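Trainee: Got a structure for you, questions after.
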Protein chains: 2
Amino acid sequence: MSNCDLCVVRNRAICAALDAGELQALNAIGRRRNLAAGESLMWEGEDSVLVANVVEGVLKLSTGTEDGREQIVGVVYPSDFIGRPFGTTTGYGVTALTDARVCIFGRKDFDAFAREHPALEHKLLERTLGELDRTRRWMLLLGRKSASEKVATFLLEMSERLMPMGCNDLAEQALRALVLPFSRQQIADILGLTIETVSRQFTRLKADGVIDLPSRREVMILDRRALQAEAG
Amino acid sequence: MSNCDLCVVRNRAICAALDAGELQALNAIGRRRNLAAGESLMWEGEDSVLVANVVEGVLKLSTGTEDGREQIVGVVYPSDFIGRPFGTTTGYGVTALTDARVCIFGRKDFDAFAREHPALEHKLLERTLGELDRTRRWMLLLGRKSASEKVATFLLEMSERLMPMGCNDLAEQALRALVLPFSRQQIADILGLTIETVSRQFTRLKADGVIDLPSRREVMILDRRALQAEAG
DNA sequence: CGCGCAATTTGATCCTGATCAATGCTGTGC
DNA sequence: GCACAGCATTGATCAGGATCAAATTGCGCG
């Protein structure tokens, strides 16, 4: 029996394009892997040997300069696809931010399988187009927004992305604290800021009564309207 | 007879995935359109009604904020694909920077055609993955690089992108002046800087003997090594 | 050829966010 | 319950790039 039958992302990941038999064939060339928070799955500039689906957890995609500056270029969640199919090198590192579970494939095996399953390639195309749109929108933030706009935009984006699915109850949303999977440094690396600037913006938003900060990793949005105004 | 037989991008655009008969079918649902420099093909936030291939010319993809700040999120050249297939809205405006010729399709027509031609979807997937890689690399520049690093990186990127193809002769490259398809303001919008900062960086590089500026739109790279060092 | 406009360059000043430095908090292991 | 390590906050100062303001250049056009 294939693991896939029980897989929580079976119907949301690109695997949703496949029927039971095809899924079994894909399963045969892949395997599960657990990652501890902080562990890396691939490194920037490395040959593209693996691709993967995220089953559980949150991972970052990041690039850096020689002298150690880092920019997080993407964050992936369960059902998202990782890696560079049909290419020789991986342009960014992939590191788990929380403990994570992924379903990995040899890149060449996956390429060959995908080329024989157009429905799978189609799902991957839709996902990639969506990711490109999201990434381009983020460029406006990096290139043109001020620190306060960046932080406000970030919090709003997080409140959408981290909402456990099926939880669309607004009252509940209002009460729930976001639990960020990021340290302050990582938030800075997402926004193109320093840790100090991020910290100061958080403190200011709290003082203004826009958010509350119950603990280091939690944020409660008290005044969404104000955040939206500040996000520009 | 189909226009496509004479098309200069026939073998480089996604059309290369199709045989003569398929190409004729695709041609039947598309048409050529000429754009004058400055003319827009689509607008940010608009319904996704069109997609297109670039036949000739250079176009920018851009987003902006309410208050008029702009960020160029992509630049497309002949054989590149434009627009958002399989989606409802276009996330950015598309505007010709030079006079241009494009081959446009109704988005829904194109979607339907693509779904029936996996080889075309595959080409589109490869192109989209490549574009995503390029875009992510640009995020490092926007988020983490200084003005001088940004300008140096830009000039190097341009010297690669604008090289007419088949012209790999290094001696010739060294002598040739790049003719930028961008105004200073557009360069600023690509790099997330102001026009004044871009101008000052250009002036400084010229004073340092790294580049020469024969005219407003031309740049000669005199010391590629120095530029590479500065690009970080 | 010279006029007029827009793009670019140059200059002076300001301000946001970076940097440097110190202090405070929190969760962990003993 | 306490000490320690790693994060995070807070404070003081600095600097890179933005902003505001002029001068200059180049170019299309009569």
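Following the order of the structure tokens, first chain is A, next is B, and so on, with residues numbered from 1 inside each chain and ligands from 1 in the order they appear.
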Taking only C-alpha atoms (C1' of nucleotides) into account, what are the residues of chain A at most 10 Å from chain D, put as a ChimeraX atom specification?
Mentor: /A:183-185,195-196,199-200,203,216
Trainee: Could those selected residues go to a file with C-alpha atoms, as an mmCIF file, in the first residue's frame?
Mentor:
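And here's result_17.cif as it stands now:
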data_model
loop_
_atom_site.group_PDB
_atom_site.id
_atom_site.type_symbol
_atom_site.label_atom_id
_atom_site.label_comp_id
_atom_site.auth_asym_id
_atom_site.auth_seq_id
_atom_site.Cartn_x
_atom_site.Cartn_y
_atom_site.Cartn_z
ATOM 1 C CA SER A 183 12.771 34.643 14.137
ATOM 2 C CA ARG A 184 13.225 38.411 13.997
ATOM 3 C CA GLN A 185 16.339 37.900 11.902
ATOM 4 C CA ILE A 195 16.694 42.965 12.865
ATOM 5 C CA GLU A 196 16.749 46.218 14.828
ATOM 6 C CA SER A 199 12.016 45.073 16.240
ATOM 7 C CA ARG A 200 11.394 48.814 16.412
ATOM 8 C CA THR A 203 7.317 47.793 19.218
ATOM 9 C CA ARG A 216 8.334 36.323 20.802
#
Trainee: List the spatial neighbours of Cys103 of chain B as a VMD selection string - criterion: any atom at most 9 Å away, only C-alpha atoms (C1' of nucleotides), same-chain residues fewer than 2 positions off excluded.
Mentor: chain B and resid 27 30 to 34 51 to 55 101 105
Trainee: Go ahead and save the residues from that selection, with C-alpha atoms, as a tab-separated table (two decimals), in the first residue's frame.
Mentor:
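That gives us result-v4.tsv:
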chain	number	residue	atom	x	y	z
B	27	ASN	CA	-1.69	30.83	-35.63
B	30	GLY	CA	-3.66	34.52	-32.68
B	31	ARG	CA	-2.75	37.70	-34.46
B	32	ARG	CA	0.15	40.08	-34.80
B	33	ARG	CA	0.12	43.47	-33.20
B	34	ASN	CA	2.55	46.36	-33.40
B	51	VAL	CA	-1.32	36.44	-23.56
B	52	ALA	CA	1.40	37.02	-26.12
B	53	ASN	CA	4.77	36.16	-27.53
B	54	VAL	CA	7.31	38.90	-28.10
B	55	VAL	CA	8.48	38.89	-31.71
B	101	ARG	CA	5.83	43.47	-32.38
B	105	PHE	CA	-3.88	35.31	-28.21
Trainee: Quote the spacing between atom CA of Glu44 of chain B and atom CA of Leu61 of chain B in Å to one decimal place.
Mentor: 9.1 Å
Trainee: Please provide as a ChimeraX atom specification all residues within 9 Å of segment 18-21 of chain B, with the sequence filter that same-chain residues fewer than 6 positions apart are discarded (counting only C-alpha atoms (C1' of nucleotides)).
Mentor: /B:5,117,119-120
Trainee: Kindly determine which residues of chain A lie within 6 Å of chain B, considering only C-alpha atoms, and give the answer as a list in words.
Mentor: Gln71, Val73, Pro118, Leu125, Leu132, Arg136, Leu140, Leu142, Gly143, Arg144 and Gly192 of chain A
Trainee: Which residues of chain C are close to chain A, meaning at most 9 Å apart when you count only C-alpha atoms (C1' of nucleotides), and how do they look as a list in words?
Mentor: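 For chain C, the answer reads DT16, DG17 and DA18 of chain C.
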Trainee: Step one, run DSSP on the backbone; step two, keep only residues of segment 21-217 of chain A assigned to strand (DSSP E); then write them as an NGL selection string.
Mentor: :A and (30-35 or 40-42 or 50-56 or 59-64 or 70-76 or 81-83 or 93-96 or 100-106 or 178-179 or 211-212)
Trainee: For atom CA of Met158 of chain A and atom CA of Leu205 of chain A, quote the distance in Å rounded to one decimal.
Mentor: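 Atom CA of Met158 of chain A sits 15.7 Å away from atom CA of Leu205 of chain A.
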Trainee: Atom CA of Glu157 of chain A to atom CA of Val94 of chain A: how many Å, to one decimal?
Mentor: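 About the pair atom CA of Glu157 of chain A and atom CA of Val94 of chain A: they are 20.8 Å apart.
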